[in-house]
Amino acid sequence: TRLFDYVAETVILPEADKLSIRQLFKPVFVPRDTIIERSGRIPQYHNFIVSGYMRNFHVDADNNEITTDLNEGSRFFTSYFHFMNRTVSDENLHCITDCELLRINRDDVEIGAERSFTQKDYTIRILQKHLEADKRRLTDMANLTAEERYRKFIQEKPGIVRHVPLRYIASYLGITQRHLSRLRREIPL
């Protein structure tokens, strides 16, 4: 029902679409610290996080892991462009904590699209939502100080701070782990 609640924030699902989603999305439990999609491959699944924390990261030229996305609560989490276009991804999807997921493979997405009355609408709207969030993050990285980014982060995503290791949060915020530790001492939650 979390998937239905999430989609309902965007579009009302008719019962026929709910039935199709129940048939096509498969529940999966993934233990903590598991990479479920690796770079260098074509992503196989579109994931909906029912519970748990995940990150999306790539490895830069200096072999540093750069975290580009962290979830706060239930939502879709995938290497979207590569999944939809069936191209090789440079991203890794990592379950930081134990995660309960609902997942659908790429062929089943096509089947769902043929059956669904609303899938196209909610897919476009959810993609727009993610693109807007990415745009805001890039703007913040360019225009806010490290302290301002951290303050905004703890205000908007307080659960992440309690469940995700500092090194991933620091990478996501574009600062060193040492700098983040200092900011955490100065700015209480």
# chains A, B, ... in the order shown; residues from 1 in each chain; ligands from 1
$ select_by_dssp --residues "range 48-126 of chain A" --states "strand (DSSP E or B)" --output "PyMOL selection string"
chain A and resi 48-51+54-59+65-70+75-77+92-95+99-105
$ closest_residue --among "A:Ile154, A:Ala146, A:Val30, A:Ile42" --to "Gln177 in chain A" --atoms "only C-alpha atoms"
A:Ala146
$ closest_residue --among "A:Glu156, A:Glu186, A:Asp33, A:Glu15" --to "Asn71 in chain A" --atoms "only C-alpha atoms"
A:Glu156
$ residues_around --residues "Ala8 in chain A" --least-positions-apart "5" --cutoff "9 Å" --atoms "only C-alpha atoms" --output "ChimeraX atom specification"
/A:3,13,122
$ closest_residue --among "A:Val164, A:Leu24, A:Met141, A:Ile12" --to "Met54 in chain A" --atoms "only C-alpha atoms"
A:Val164
$ residues_around --residues "Cys99 in chain A" --least-positions-apart "2" --cutoff "10 Å" --atoms "only C-alpha atoms" --output "list in words"
Val28, Phe29, Val30, Pro31, Arg32, Asp33, Thr34, Ile49, Val50, Ser51, Gly52, Tyr53, Met54, His94, Cys95, Ile96, Thr97, Leu101 and Leu102 of chain A
$ residues_around --residues "Lys152 in chain A" --least-positions-apart "6" --cutoff "12 Å" --atoms "only C-alpha atoms" --output "PyMOL selection string"
chain A and resi 136-137+140-141+144-146+158+173+187+189
$ atom_distance --atom1 "CA of Thr123 in chain A" --atom2 "CA of Pro27 in chain A"
19.8 Å
$ residues_around --residues "range 59-64 of chain A" --least-positions-apart "6" --cutoff "10 Å" --atoms "only C-alpha atoms" --output "number ranges by chain"
A: 39, 90-92, 171
$ write_last_selection --atoms "N, CA, C and O atoms" --output "mmCIF file, in the first residue's frame"
data_model
loop_
_atom_site.group_PDB
_atom_site.id
_atom_site.type_symbol
_atom_site.label_atom_id
_atom_site.label_comp_id
_atom_site.auth_asym_id
_atom_site.auth_seq_id
_atom_site.Cartn_x
_atom_site.Cartn_y
_atom_site.Cartn_z
ATOM 1 N N SER A 39 27.628 -0.710 -11.454
ATOM 2 C CA SER A 39 28.031 0.046 -12.645
ATOM 3 C C SER A 39 28.640 -0.927 -13.660
ATOM 4 O O SER A 39 29.080 -2.020 -13.300
ATOM 5 N N ASP A 90 26.756 3.907 -15.217
ATOM 6 C CA ASP A 90 27.974 4.189 -14.454
ATOM 7 C C ASP A 90 27.649 4.331 -12.971
ATOM 8 O O ASP A 90 28.477 4.758 -12.186
ATOM 9 N N GLU A 91 26.415 3.973 -12.589
ATOM 10 C CA GLU A 91 25.943 4.145 -11.212
ATOM 11 C C GLU A 91 25.797 2.799 -10.502
ATOM 12 O O GLU A 91 25.600 1.774 -11.141
ATOM 13 N N ASN A 92 25.895 2.857 -9.184
ATOM 14 C CA ASN A 92 25.686 1.700 -8.315
ATOM 15 C C ASN A 92 24.527 2.013 -7.389
ATOM 16 O O ASN A 92 24.459 3.119 -6.837
ATOM 17 N N SER A 171 29.668 12.886 1.319
ATOM 18 C CA SER A 171 29.837 12.791 -0.127
ATOM 19 C C SER A 171 28.646 13.415 -0.847
ATOM 20 O O SER A 171 28.817 14.174 -1.807
#
